[in-house]
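Asks: To be precise about what I am sending: the file is called coords33.txt and holds compact mmCIF, C-alpha atoms and all ligand atoms.
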# COMPACT_ATOMS: atom_id res chain seq x y z
CA MET A 1 -6.30 -20.30 32.20
CA SER A 2 -5.30 -19.45 28.63
CA MET A 3 -8.93 -19.74 27.50
CA ASP A 4 -9.93 -17.36 30.34
CA LEU A 5 -7.48 -14.85 28.94
CA LEU A 6 -9.14 -15.07 25.55
CA VAL A 7 -12.52 -14.49 27.18
CA GLN A 8 -11.18 -11.45 29.03
CA ARG A 9 -9.64 -10.01 25.90
CA LEU A 10 -12.86 -10.43 23.95
CA GLU A 11 -14.84 -8.82 26.78
CA GLN A 12 -12.48 -5.88 26.67
CA LEU A 13 -13.08 -5.48 22.93
CA GLN A 14 -16.81 -5.58 23.57
CA HIS A 15 -16.49 -2.97 26.30
CA GLN A 16 -14.54 -0.69 23.93
CA GLN A 17 -17.16 -1.16 21.19
CA LEU A 18 -14.44 -2.75 19.08
CA PHE A 19 -15.81 -6.30 18.92
CA ARG A 20 -16.13 -7.51 15.33
CA ARG A 21 -18.58 -10.01 13.90
CA LEU A 22 -19.12 -11.45 10.46
CA ARG A 23 -22.25 -10.44 8.58
CA GLN A 24 -23.53 -12.65 5.81
CA LEU A 25 -24.45 -11.15 2.41
CA ASP A 26 -26.13 -13.07 -0.39
CA ARG A 27 -24.04 -11.38 -3.11
CA THR A 28 -22.10 -8.22 -4.04
CA THR A 29 -24.63 -6.43 -6.26
CA PRO A 30 -26.15 -3.03 -5.31
CA GLN A 31 -29.23 -4.78 -3.90
CA VAL A 32 -28.34 -7.41 -1.33
CA GLU A 33 -29.65 -9.24 1.68
CA VAL A 34 -27.58 -8.69 4.81
CA ALA A 35 -28.31 -11.46 7.29
CA GLY A 36 -31.64 -11.92 5.53
CA ARG A 37 -32.53 -8.21 5.52
CA PRO A 38 -32.84 -6.40 2.14
CA ALA A 39 -30.46 -3.46 1.78
CA LEU A 40 -28.58 -1.32 -0.70
CA LEU A 41 -24.88 -2.16 -0.63
CA PHE A 42 -22.70 0.92 -0.08
CA CYS A 43 -19.50 -0.61 1.33
CA SER A 44 -18.16 -3.02 -1.26
CA ASN A 45 -14.89 -2.70 -3.18
CA ASN A 46 -16.66 -4.11 -6.26
CA TYR A 47 -16.30 -0.60 -7.70
CA LEU A 48 -16.98 -1.46 -11.33
CA GLY A 49 -19.61 -4.08 -10.59
CA LEU A 50 -17.48 -6.76 -12.24
CA ALA A 51 -17.82 -9.39 -9.50
CA GLU A 52 -20.99 -10.67 -11.19
CA HIS A 53 -20.06 -9.82 -14.77
CA PRO A 54 -21.10 -12.69 -17.10
CA VAL A 55 -17.82 -12.57 -19.06
CA LEU A 56 -15.75 -13.10 -15.90
CA ALA A 57 -18.11 -15.76 -14.54
CA ARG A 58 -18.05 -17.63 -17.85
CA ALA A 59 -14.24 -17.47 -18.02
CA ALA A 60 -13.99 -18.85 -14.47
CA ALA A 61 -16.49 -21.64 -15.13
CA ASP A 62 -14.84 -22.66 -18.42
CA ALA A 63 -11.36 -22.71 -16.84
CA ALA A 64 -12.56 -24.88 -13.96
CA LEU A 65 -14.12 -27.34 -16.40
CA GLN A 66 -11.06 -27.37 -18.64
CA TYR A 67 -8.19 -27.27 -16.12
CA GLY A 68 -9.72 -28.40 -12.84
CA THR A 69 -10.20 -26.60 -9.56
CA SER A 70 -6.71 -26.30 -8.10
CA SER A 71 -3.11 -25.59 -9.07
CA ALA A 72 -2.24 -28.10 -6.32
CA ALA A 73 1.22 -26.71 -5.48
CA SER A 74 3.35 -23.64 -5.00
CA ARG A 75 4.49 -22.19 -8.32
CA LEU A 76 8.06 -23.25 -7.52
CA VAL A 77 7.03 -26.87 -7.10
CA SER A 78 4.53 -27.83 -9.80
CA GLY A 79 1.97 -25.03 -9.54
CA THR A 80 2.88 -22.76 -12.48
CA LEU A 81 0.16 -23.20 -15.09
CA ALA A 82 0.03 -21.66 -18.56
CA LEU A 83 -2.74 -19.42 -17.18
CA HIS A 84 -0.34 -17.92 -14.58
CA ASP A 85 2.07 -16.95 -17.35
CA ALA A 86 -0.72 -15.65 -19.58
CA LEU A 87 -2.11 -13.47 -16.79
CA GLU A 88 1.33 -12.09 -15.89
CA GLN A 89 1.99 -11.20 -19.51
CA ALA A 90 -1.42 -9.54 -19.79
CA VAL A 91 -0.82 -7.52 -16.61
CA ALA A 92 2.64 -6.39 -17.74
CA ALA A 93 1.28 -5.33 -21.15
CA TRP A 94 -1.66 -3.48 -19.54
CA LYS A 95 0.54 -1.72 -16.97
CA GLY A 96 3.37 -1.08 -19.45
CA THR A 97 6.03 -2.76 -17.29
CA GLU A 98 8.72 -5.24 -18.22
CA THR A 99 7.14 -8.05 -16.19
CA ALA A 100 4.56 -8.88 -13.55
CA LEU A 101 4.37 -11.46 -10.79
CA LEU A 102 1.20 -12.89 -9.23
CA PHE A 103 0.50 -13.25 -5.52
CA ASN A 104 -2.38 -15.01 -3.82
CA SER A 105 -3.80 -11.81 -2.35
CA GLY A 106 -2.85 -8.20 -1.77
CA TYR A 107 -2.03 -9.13 1.80
CA ALA A 108 0.35 -11.86 0.58
CA ALA A 109 1.87 -9.49 -2.00
CA ASN A 110 2.68 -6.76 0.52
CA THR A 111 3.93 -8.99 3.28
CA GLY A 112 5.86 -11.16 0.82
CA CYS A 113 7.47 -8.33 -1.17
CA ILE A 114 8.37 -6.07 1.71
CA ALA A 115 9.86 -8.84 3.83
CA ALA A 116 11.75 -10.10 0.76
CA LEU A 117 13.16 -6.72 -0.22
CA CYS A 118 14.15 -5.56 3.26
CA GLY A 119 15.85 -7.08 6.28
CA ARG A 120 18.03 -6.10 9.23
CA GLY A 121 20.10 -2.98 8.48
CA ASP A 122 17.53 -1.69 5.94
CA THR A 123 14.99 1.09 6.47
CA ILE A 124 11.34 1.25 5.44
CA PHE A 125 9.63 4.65 5.20
CA SER A 126 5.89 4.08 5.40
CA ASP A 127 2.93 6.48 5.37
CA ARG A 128 1.12 6.43 8.71
CA LEU A 129 -2.17 5.51 7.03
CA ASN A 130 -0.81 2.67 4.91
CA HIS A 131 -2.73 -0.59 4.85
CA ALA A 132 -2.16 -3.16 7.61
CA SER A 133 -0.54 -5.59 5.17
CA ILE A 134 2.25 -3.05 4.56
CA ILE A 135 2.84 -2.61 8.27
CA ASP A 136 2.81 -6.38 8.78
CA GLY A 137 5.31 -6.85 5.94
CA ALA A 138 7.57 -4.21 7.47
CA LEU A 139 7.40 -5.83 10.92
CA LEU A 140 8.05 -9.26 9.43
CA SER A 141 11.11 -7.98 7.56
CA GLY A 142 13.06 -7.01 10.70
CA ALA A 143 14.05 -3.73 9.00
CA ARG A 144 13.83 -0.40 10.80
CA LEU A 145 10.31 0.98 10.28
CA VAL A 146 9.97 4.77 10.04
CA ARG A 147 6.38 5.97 9.78
CA TYR A 148 5.84 9.46 8.38
CA PRO A 149 2.71 11.59 8.90
CA HIS A 150 0.06 11.02 6.25
CA ASN A 151 1.09 12.42 2.85
CA ASP A 152 3.54 14.82 4.57
CA MET A 153 6.38 15.12 2.08
CA GLN A 154 8.29 17.66 4.20
CA ALA A 155 8.38 15.23 7.10
CA LEU A 156 9.44 12.41 4.79
CA THR A 157 12.22 14.58 3.34
CA ARG A 158 13.53 15.29 6.84
CA LEU A 159 13.40 11.62 7.82
CA LEU A 160 15.23 10.56 4.66
CA GLU A 161 17.88 13.22 5.23
CA GLN A 162 18.37 12.09 8.83
CA ASP A 163 18.81 8.45 7.86
CA GLN A 164 22.50 7.57 8.07
CA SER A 165 22.14 3.85 7.44
CA LYS A 166 24.00 2.19 4.60
CA GLY A 167 21.33 -0.42 3.90
CA LEU A 168 18.52 -0.52 1.37
CA LYS A 169 15.85 2.17 1.68
CA LEU A 170 12.25 1.40 0.73
CA ILE A 171 9.54 4.04 0.56
CA VAL A 172 6.08 2.54 0.55
CA SER A 173 2.70 4.19 0.14
CA ASP A 174 -0.86 3.34 -0.75
CA GLY A 175 -1.67 4.98 -4.10
CA VAL A 176 -5.25 5.47 -2.91
CA PHE A 177 -5.72 5.24 0.86
CA SER A 178 -8.22 2.54 1.61
CA MET A 179 -10.11 4.18 4.47
CA ASP A 180 -9.88 7.82 3.33
CA GLY A 181 -10.12 7.55 -0.44
CA ASP A 182 -7.47 10.21 -1.01
CA CYS A 183 -4.41 9.85 -3.25
CA ALA A 184 -0.69 9.86 -2.42
CA PRO A 185 1.44 12.70 -3.90
CA LEU A 186 3.26 10.33 -6.23
CA CYS A 187 5.27 12.95 -8.16
CA GLU A 188 6.93 14.05 -4.94
CA LEU A 189 7.39 10.47 -3.78
CA VAL A 190 9.22 9.44 -6.97
CA ASP A 191 11.43 12.55 -6.76
CA LEU A 192 12.33 11.76 -3.15
CA ALA A 193 12.98 8.11 -3.94
CA GLU A 194 15.33 9.09 -6.77
CA GLN A 195 17.14 11.75 -4.70
CA HIS A 196 17.74 9.30 -1.87
CA GLN A 197 18.33 6.20 -4.01
CA ALA A 198 15.41 4.46 -2.39
CA LEU A 199 13.09 1.89 -3.93
CA LEU A 200 9.47 2.99 -4.16
CA LEU A 201 6.57 0.56 -3.73
CA VAL A 202 3.08 1.89 -4.50
CA ASP A 203 0.11 -0.18 -3.36
CA ASP A 204 -2.56 0.63 -5.94
CA ALA A 205 -5.11 -1.87 -4.59
CA HIS A 206 -7.90 0.71 -4.70
CA ALA A 207 -6.81 2.53 -7.86
CA GLY A 208 -6.33 -0.37 -10.28
CA GLY A 209 -9.23 -0.48 -12.72
CA VAL A 210 -10.61 2.82 -11.43
CA LEU A 211 -8.03 5.55 -12.09
CA GLY A 212 -5.72 6.33 -15.01
CA GLN A 213 -5.82 5.43 -18.69
CA GLN A 214 -7.47 2.03 -19.11
CA GLY A 215 -7.60 1.79 -15.30
CA ARG A 216 -3.83 1.51 -14.93
CA GLY A 217 -4.03 3.16 -11.53
CA SER A 218 -2.91 6.26 -9.67
CA VAL A 219 0.67 5.83 -10.92
CA ASP A 220 -0.65 6.30 -14.46
CA LEU A 221 -3.02 9.14 -13.51
CA GLN A 222 -0.11 11.06 -11.98
CA GLY A 223 2.21 10.25 -14.89
CA VAL A 224 4.89 8.43 -12.87
CA ALA A 225 4.34 4.78 -13.79
CA ASP A 226 7.79 4.40 -15.35
CA ARG A 227 9.48 5.80 -12.22
CA VAL A 228 7.90 3.46 -9.65
CA ALA A 229 10.04 0.37 -9.01
CA ILE A 230 7.20 -1.81 -7.73
CA GLN A 231 3.53 -1.27 -8.49
CA MET A 232 1.30 -3.57 -6.50
CA GLY A 233 -2.35 -4.09 -7.43
CA THR A 234 -5.18 -6.46 -6.60
CA PHE A 235 -7.75 -8.39 -8.59
CA GLY A 236 -10.23 -8.63 -5.70
CA LYS A 237 -11.58 -5.09 -5.77
CA ALA A 238 -12.42 -3.18 -8.99
CA LEU A 239 -11.34 -6.13 -11.13
CA GLY A 240 -14.02 -8.36 -9.65
CA SER A 241 -11.84 -11.44 -9.15
CA PHE A 242 -9.27 -12.44 -6.50
CA GLY A 243 -5.51 -12.31 -5.97
CA ALA A 244 -2.85 -9.68 -6.63
CA TYR A 245 0.15 -8.78 -8.74
CA VAL A 246 3.27 -6.70 -8.68
CA ALA A 247 4.24 -5.00 -11.94
CA CYS A 248 7.99 -4.49 -12.00
CA SER A 249 11.30 -5.07 -13.80
CA GLY A 250 12.60 -8.54 -14.65
CA LEU A 251 15.26 -8.13 -11.98
CA VAL A 252 12.77 -7.40 -9.21
CA ARG A 253 10.62 -10.30 -10.41
CA ASP A 254 13.57 -12.72 -10.27
CA TYR A 255 14.46 -11.42 -6.83
CA LEU A 256 10.92 -11.92 -5.53
CA ILE A 257 10.61 -15.42 -7.00
CA ASN A 258 13.70 -16.32 -4.99
CA LYS A 259 12.92 -14.46 -1.78
CA ALA A 260 9.20 -13.82 -1.29
CA ARG A 261 8.06 -16.44 1.19
CA SER A 262 4.32 -15.88 0.60
CA LEU A 263 4.96 -16.86 -3.03
CA ILE A 264 7.41 -19.68 -2.39
CA PHE A 265 5.58 -21.44 0.42
CA SER A 266 1.95 -21.23 -0.67
CA THR A 267 -0.22 -23.02 -3.23
CA SER A 268 -0.75 -20.74 -6.22
CA LEU A 269 -4.02 -19.26 -7.50
CA PRO A 270 -6.41 -21.78 -9.11
CA PRO A 271 -7.45 -21.79 -12.81
CA ALA A 272 -10.93 -20.31 -12.32
CA VAL A 273 -9.52 -17.28 -10.49
CA LEU A 274 -6.74 -16.79 -13.03
CA ALA A 275 -9.18 -16.91 -15.94
CA ALA A 276 -11.57 -14.43 -14.30
CA SER A 277 -8.64 -12.06 -13.63
CA LEU A 278 -7.45 -12.37 -17.22
CA ALA A 279 -10.94 -11.54 -18.49
CA ALA A 280 -11.03 -8.53 -16.15
CA VAL A 281 -7.64 -7.21 -17.33
CA ARG A 282 -8.86 -7.46 -20.94
CA LEU A 283 -12.13 -5.75 -20.06
CA MET A 284 -10.20 -2.85 -18.50
CA GLN A 285 -8.88 -1.99 -21.95
CA THR A 286 -12.26 -1.93 -23.72
CA ASP A 287 -14.92 0.77 -24.21
CA GLU A 288 -16.98 -1.01 -21.57
CA GLY A 289 -14.15 -0.58 -19.03
CA GLU A 290 -13.99 3.12 -19.92
CA ARG A 291 -17.76 3.49 -19.54
CA LEU A 292 -17.77 1.78 -16.12
CA ARG A 293 -14.93 4.03 -14.89
CA GLY A 294 -16.87 7.11 -16.05
CA GLN A 295 -19.98 5.83 -14.30
CA VAL A 296 -18.30 5.18 -10.95
CA ALA A 297 -16.50 8.56 -11.08
CA GLY A 298 -19.85 10.27 -11.69
CA TYR A 299 -21.47 8.44 -8.77
CA SER A 300 -18.58 9.38 -6.49
CA ARG A 301 -19.17 13.06 -7.35
CA LEU A 302 -22.93 12.63 -6.92
CA LEU A 303 -22.79 10.99 -3.48
CA ARG A 304 -20.12 13.37 -2.17
CA GLY A 305 -22.14 16.37 -3.43
CA LEU A 306 -25.44 15.16 -1.96
CA LEU A 307 -23.87 14.41 1.44
CA GLN A 308 -22.12 17.79 1.49
CA GLN A 309 -25.40 19.57 0.59
CA GLN A 310 -26.95 17.90 3.64
CA GLY A 311 -24.21 19.37 5.83
CA LEU A 312 -22.17 16.21 6.25
CA GLN A 313 -18.38 16.56 6.41
CA VAL A 314 -17.17 14.44 3.54
CA PRO A 315 -14.08 15.40 1.56
CA ASP A 316 -13.94 16.15 -2.16
CA GLY A 317 -12.18 13.42 -4.08
CA ILE A 318 -11.95 11.35 -7.24
CA THR A 319 -12.17 7.81 -5.91
CA PRO A 320 -15.21 5.64 -5.06
CA ILE A 321 -14.25 5.68 -1.35
CA ILE A 322 -16.12 8.35 0.61
CA PRO A 323 -15.30 8.51 4.35
CA LEU A 324 -17.73 10.04 6.82
CA VAL A 325 -15.74 10.43 10.03
CA VAL A 326 -17.98 10.07 13.09
CA GLY A 327 -15.34 9.94 15.86
CA ASP A 328 -16.13 7.41 18.54
CA ALA A 329 -16.65 3.73 17.91
CA GLU A 330 -19.98 3.48 19.75
CA THR A 331 -21.75 6.15 17.68
CA THR A 332 -20.25 4.67 14.53
CA ASN A 333 -21.69 1.27 15.42
CA ARG A 334 -25.10 2.77 16.10
CA PHE A 335 -24.98 4.75 12.84
CA SER A 336 -24.22 1.61 10.83
CA THR A 337 -26.90 -0.44 12.63
CA ARG A 338 -29.57 2.25 12.13
CA LEU A 339 -28.69 2.59 8.45
CA LEU A 340 -29.12 -1.12 7.95
CA GLU A 341 -32.55 -0.92 9.59
CA GLU A 342 -33.36 1.77 7.00
CA GLY A 343 -32.12 -0.41 4.13
CA VAL A 344 -28.59 0.95 3.56
CA PHE A 345 -25.58 -1.21 4.35
CA VAL A 346 -22.48 0.86 5.18
CA GLN A 347 -19.92 -0.79 7.44
CA GLY A 348 -18.57 1.14 10.42
CA ILE A 349 -14.76 1.18 10.45
CA ARG A 350 -13.09 1.34 13.86
CA PRO A 351 -9.60 1.08 15.36
CA PRO A 352 -7.21 -0.52 14.74
CA THR A 353 -8.21 -0.19 11.05
CA VAL A 354 -8.31 3.60 11.53
CA PRO A 355 -6.67 5.76 14.24
CA VAL A 356 -8.47 6.10 17.60
CA GLY A 357 -11.05 8.90 17.52
CA THR A 358 -11.59 8.65 13.75
CA SER A 359 -14.09 5.81 13.55
CA ARG A 360 -16.12 6.29 10.43
CA LEU A 361 -18.60 5.10 7.89
CA ARG A 362 -16.67 4.10 4.79
CA CYS A 363 -19.16 4.60 1.97
CA THR A 364 -18.34 3.29 -1.48
CA VAL A 365 -20.11 3.62 -4.81
CA MET A 366 -20.29 1.09 -7.62
CA ALA A 367 -20.73 1.60 -11.37
CA ASN A 368 -23.92 -0.48 -11.30
CA HIS A 369 -25.70 1.60 -8.66
CA THR A 370 -28.53 3.76 -10.03
CA PRO A 371 -28.83 7.53 -9.39
CA GLU A 372 -32.00 6.79 -7.38
CA GLN A 373 -30.08 4.38 -5.12
CA ILE A 374 -27.39 7.01 -4.53
CA GLN A 375 -30.05 9.60 -3.70
CA TYR A 376 -31.78 7.22 -1.30
CA ALA A 377 -28.49 6.41 0.43
CA ALA A 378 -27.53 10.10 0.78
CA ALA A 379 -30.94 11.08 2.18
CA THR A 380 -30.94 8.14 4.60
CA ILE A 381 -27.38 8.78 5.81
CA ALA A 382 -28.23 12.45 6.42
CA ARG A 383 -31.50 11.64 8.24
CA VAL A 384 -29.92 9.01 10.50
CA GLY A 385 -26.91 11.30 11.05
CA ARG A 386 -29.23 14.07 12.31
CA GLU A 387 -31.09 11.58 14.49
CA LEU A 388 -27.77 10.61 16.15
CA GLY A 389 -26.55 14.21 16.41
CA VAL A 390 -23.68 13.61 14.00
CA CYS A 391 -24.64 16.49 11.67
C1 LIG B 1 -4.47 -0.72 0.35
C2 LIG B 1 -4.68 -2.20 0.43
N1 LIG B 1 -3.63 -3.01 0.20
C3 LIG B 1 -3.75 -4.34 0.27
C4 LIG B 1 -4.95 -4.93 0.56
C5 LIG B 1 -5.04 -6.42 0.65
O1 LIG B 1 -5.57 -6.92 -0.56
P1 LIG B 1 -6.33 -8.32 -0.57
O2 LIG B 1 -7.71 -8.05 -0.09
O3 LIG B 1 -6.25 -8.76 -2.00
O4 LIG B 1 -5.58 -9.21 0.36
C6 LIG B 1 -6.06 -4.15 0.79
C7 LIG B 1 -7.36 -4.80 1.08
O5 LIG B 1 -8.17 -4.48 1.81
C8 LIG B 1 -5.93 -2.75 0.74
O6 LIG B 1 -6.96 -1.95 1.02
Would you encode the structure as structure tokens?
Replies:
Amino acid sequence: MSMDLLVQRLEQLQHQQLFRRLRQLDRTTPQVEVAGRPALLFCSNNYLGLAEHPVLARAAADAALQYGTSSAASRLVSGTLALHDALEQAVAAWKGTETALLFNSGYAANTGCIAALCGRGDTIFSDRLNHASIIDGALLSGARLVRYPHNDMQALTRLLEQDQSKGLKLIVSDGVFSMDGDCAPLCELVDLAEQHQALLLVDDAHAGGVLGQQGRGSVDLQGVADRVAIQMGTFGKALGSFGAYVACSGLVRDYLINKARSLIFSTSLPPAVLAASLAAVRLMQTDEGERLRGQVAGYSRLLRGLLQQQGLQVPDGITPIIPLVVGDAETTNRFSTRLLEEGVFVQGIRPPTVPVGTSRLRCTVMANHTPEQIQYAAATIARVGRELGVC
């Protein structure tokens, strides 16, 4: 009976063109094999191409040989290694914050922090297009969740003014929106947070390493880093490793160590991952990091420009994430499948990841693409788009 229900639910997903399946890649470089088929990779978050960087790989391999393969406990039990402390100090120095605290993933950071900071009687103001991990953290917290229209600061102002509660207020926003590639208006968000004595959490998962001085993120680019209470970032995207951090005050760090259940009740990151992340944070602050950021910014401009010249509706922007909104899930699926047949891998993104009616191709560029690969991708996307009547 229960199994039948699962079958029915899966059939419904299939009927709605929302069924998901895993596709195997051989690696995360620009040229990959997707389920055995050669293709150019245009949907990875490996924005700077660091996931196969020899310095990171060597650091990971050396740490595994020297310290073993596991931390073997939560950090509060016996799982805090010298490498955890070293990485937190490096992150805090890089981000210019008092302290930093590691989490096992961005998902664990958002759910853990939000549910630790807020509870019954508190209110969370969250952008409608925030990442699922933020929504899940808010639901887990039991606090009142108020979702404001995307980047609409007038609406947020009204909602903050209407809020009569006496509890803690948390405003939370992606710094760069993961499926749209646009940036949050952080200057206005910090002003509003200060006016309404709210905490502000910025999820810079897609900005860390890519935007701002030395890749310190959108908070740095918009000059508000010292006014954001909690900056969250990940190591698994531009930094080419795995895991996440929050950069914050010592007080917030102490609070989270005592309250964040995803930190307290989970085995901590292993030595190889910590060492790769540490190497990545150091690399961010070198000329090579600067060069890679310049490269990926140039490729973002190039791909956006080429697609726009071909009549495709892609927005201007400064991030490596370039959305091409198709609309319905079925056409999006066909678009992605046809592109793969033509040697370009771009994943179709469908509800619930994006709102109904805005299914899209989420194209991303990497610093180690070549101009020829970008040109091939743009020409192929435009040709297949015309074939499907999308442009
Ligand atoms: C905006 C945003 N926040 C958080 C996460 C979760 O990060 P992680 O993949 O490290 O769990 C993601 C990942 O997709 C993301 O896009």
Asks: Report as CSV the residues of chain A within 8 Å of ligand LIG 1 (chain B), each with its shortest atom pair and distance in Å (one decimal), using all atoms listed in the file, ordered by chain and increasing residue number.
Replies:
residue,atom,partner,partner_atom,distance
A:Asn104,CA,B:LIG1,O3,7.6
A:Ser105,CA,B:LIG1,O3,3.9
A:Gly106,CA,B:LIG1,O1,3.2
A:Tyr107,CA,B:LIG1,O4,3.8
A:Ala108,CA,B:LIG1,O4,6.5
A:Ala109,CA,B:LIG1,O4,7.8
A:Asn110,CA,B:LIG1,C3,6.9
A:Asn130,CA,B:LIG1,C1,6.8
A:His131,CA,B:LIG1,C1,4.8
A:Ala132,CA,B:LIG1,N1,7.6
A:Ser133,CA,B:LIG1,C3,6.0
A:Ile134,CA,B:LIG1,N1,7.3
A:Asp174,CA,B:LIG1,C1,5.5
A:Gly175,CA,B:LIG1,C1,7.8
A:Val176,CA,B:LIG1,C1,7.0
A:Phe177,CA,B:LIG1,C1,6.1
A:Ser178,CA,B:LIG1,O6,4.7
A:Met179,CA,B:LIG1,O6,7.7
A:Asp203,CA,B:LIG1,N1,5.9
A:Asp204,CA,B:LIG1,C1,6.7
A:Ala205,CA,B:LIG1,C2,5.0
A:His206,CA,B:LIG1,C1,6.3
A:Gly233,CA,B:LIG1,N1,7.8
A:Thr234,CA,B:LIG1,O3,5.3
A:Phe235,CA,B:LIG1,O3,6.8
A:Gly236,CA,B:LIG1,O3,5.4
A:Lys237,CA,B:LIG1,O2,7.5
A:Phe242,CA,B:LIG1,O3,6.6
A:Gly243,CA,B:LIG1,O3,5.4
A:Ala244,CA,B:LIG1,O3,5.8
Asks: With C-alpha atoms kept, could you save the residues just selected as a compact mmCIF listing (two decimals), keeping the file's coordinate frame?
Replies:
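selection-v8.txt, freshly written:
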# COMPACT_ATOMS: atom_id res chain seq x y z
CA ASN A 104 -2.38 -15.01 -3.82
CA SER A 105 -3.80 -11.81 -2.35
CA GLY A 106 -2.85 -8.20 -1.77
CA TYR A 107 -2.03 -9.13 1.80
CA ALA A 108 0.35 -11.86 0.58
CA ALA A 109 1.87 -9.49 -2.00
CA ASN A 110 2.68 -6.76 0.52
CA ASN A 130 -0.81 2.67 4.91
CA HIS A 131 -2.73 -0.59 4.85
CA ALA A 132 -2.16 -3.16 7.61
CA SER A 133 -0.54 -5.59 5.17
CA ILE A 134 2.25 -3.05 4.56
CA ASP A 174 -0.86 3.34 -0.75
CA GLY A 175 -1.67 4.98 -4.10
CA VAL A 176 -5.25 5.47 -2.91
CA PHE A 177 -5.72 5.24 0.86
CA SER A 178 -8.22 2.54 1.61
CA MET A 179 -10.11 4.18 4.47
CA ASP A 203 0.11 -0.18 -3.36
CA ASP A 204 -2.56 0.63 -5.94
CA ALA A 205 -5.11 -1.87 -4.59
CA HIS A 206 -7.90 0.71 -4.70
CA GLY A 233 -2.35 -4.09 -7.43
CA THR A 234 -5.18 -6.46 -6.60
CA PHE A 235 -7.75 -8.39 -8.59
CA GLY A 236 -10.23 -8.63 -5.70
CA LYS A 237 -11.58 -5.09 -5.77
CA PHE A 242 -9.27 -12.44 -6.50
CA GLY A 243 -5.51 -12.31 -5.97
CA ALA A 244 -2.85 -9.68 -6.63
Asks: From the options A:Glu341, A:Glu11, A:Glu98, A:Asp182, which residue's atoms come nearest to Ile322 of chain A, counting all atoms listed in the file?
Replies: A:Asp182
Asks: So which one's closest to Thr286 of chain A, A:Phe345, A:Trp94, A:Tyr255, A:Tyr376? Using all atoms listed in the file, please.
Replies: A:Trp94
Asks: Taking all atoms listed in the file into account, name the residue in A:Ala229, A:Ala198, A:Ala57, A:Ala207 that is nearest to Arg253 of chain A.
Replies: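 For Arg253 of chain A, the nearest of the given residues is A:Ala229.
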Asks: Please check which residues have atoms at most 7 Å from (-13.7, -13.7, -19.9) in the file's coordinates, counting all atoms listed in the file, and write them as a PyMOL selection string.
Replies: chain A and resi 55-56+58-59+275-276+278-280
Asks: Emit the selected residues as a compact mmCIF listing (two decimals), in the frame of the given file, including C-alpha atoms.
Replies:
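Once everything was written out, this is out_4.txt:
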# COMPACT_ATOMS: atom_id res chain seq x y z
CA VAL A 55 -17.82 -12.57 -19.06
CA LEU A 56 -15.75 -13.10 -15.90
CA ARG A 58 -18.05 -17.63 -17.85
CA ALA A 59 -14.24 -17.47 -18.02
CA ALA A 275 -9.18 -16.91 -15.94
CA ALA A 276 -11.57 -14.43 -14.30
CA LEU A 278 -7.45 -12.37 -17.22
CA ALA A 279 -10.94 -11.54 -18.49
CA ALA A 280 -11.03 -8.53 -16.15
Asks: Put the listed atoms of segment 334-343 of chain A in a box along x, y and z with 5 Å added on every side and give me the centre and edge lengths in Å to one decimal, as JSON.
Replies:
{"center_x": -28.8, "center_y": 1.8, "center_z": 10.1, "size_x": 19.1, "size_y": 15.9, "size_z": 22.0}
Asks: Between A:Gln310, A:Gln162, A:Ser173, A:Gln31, single out the one closest to His150 of chain A, counting all atoms listed in the file.
Replies: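 Ranked by minimum distance to His150 of chain A, first place goes to A:Ser173.
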Asks: For each of A:Leu256, A:Val172, A:Leu263, A:Leu201, take the minimum atom-to-atom distance to Ala73 of chain A, counting only C-alpha atoms, then give the residue where this is smallest.
Replies: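 Closest to Ala73 of chain A, using only C-alpha atoms: A:Leu263.
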Asks: Starting from the point (-32.4, -6.9, 5.4), work out which residues of protein, DNA or RNA have an atom no more than 9 Å away when counting only C-alpha atoms; state them as an MDAnalysis selection string.
Replies: chainID A and resid 32:39 340:345
Asks: For atom CA of Ala297 of chain A and atom CA of Gln285 of chain A, quote the distance in Å rounded to one decimal.
Replies: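 Distance reported for this atom pair: 17.0 Å.
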Asks: Near Tyr148 of chain A, within 12 Å and counting only C-alpha atoms, which residues show up once chain neighbours fewer than 6 positions away are dropped, as a ChimeraX atom specification?
Replies: /A:124-130,154-160,171-173
Asks: Which residues are close to segment 210-213 of chain A, i.e. within 6 Å by all atoms listed in the file, leaving aside same-chain residues fewer than 6 positions away? Reply as a list in words.
Replies: Asp220, Leu221 and Arg293 of chain A
Asks: Produce a file of the selected residues containing C-alpha atoms, as an mmCIF file, keeping the file's coordinate frame.
Replies:
data_model
loop_
_atom_site.group_PDB
_atom_site.id
_atom_site.type_symbol
_atom_site.label_atom_id
_atom_site.label_comp_id
_atom_site.auth_asym_id
_atom_site.auth_seq_id
_atom_site.Cartn_x
_atom_site.Cartn_y
_atom_site.Cartn_z
ATOM 1 C CA ASP A 220 -0.650 6.300 -14.460
ATOM 2 C CA LEU A 221 -3.020 9.140 -13.510
ATOM 3 C CA ARG A 293 -14.930 4.030 -14.890
#
Asks: What is the distance between atom CA of Ile381 of chain A and atom CA of Ala51 of chain A, in Å to one decimal?
Replies: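 Interatomic distance, atom CA of Ile381 of chain A to atom CA of Ala51 of chain A: 25.6 Å.
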Asks: Out of A:Ser266, A:Thr353, A:Gln295, A:Gln309, which residue has the shortest atom-to-atom distance to Thr80 of chain A when counting all atoms listed in the file?
Replies: A:Ser266
Asks: Find the spatial neighbours of Asn46 of chain A, counting all atoms listed in the file, within a cut-off of 8 Å - ignore same-chain residues fewer than 3 positions away - and output them as a VMD selection string.
Replies: chain A and resid 28 49 to 51 236 to 240 366
Asks: How many Å lie between atom CA of Arg120 of chain A and atom CA of Arg144 of chain A, rounded to one decimal?
Replies: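 Those two atoms sit 7.3 Å apart.
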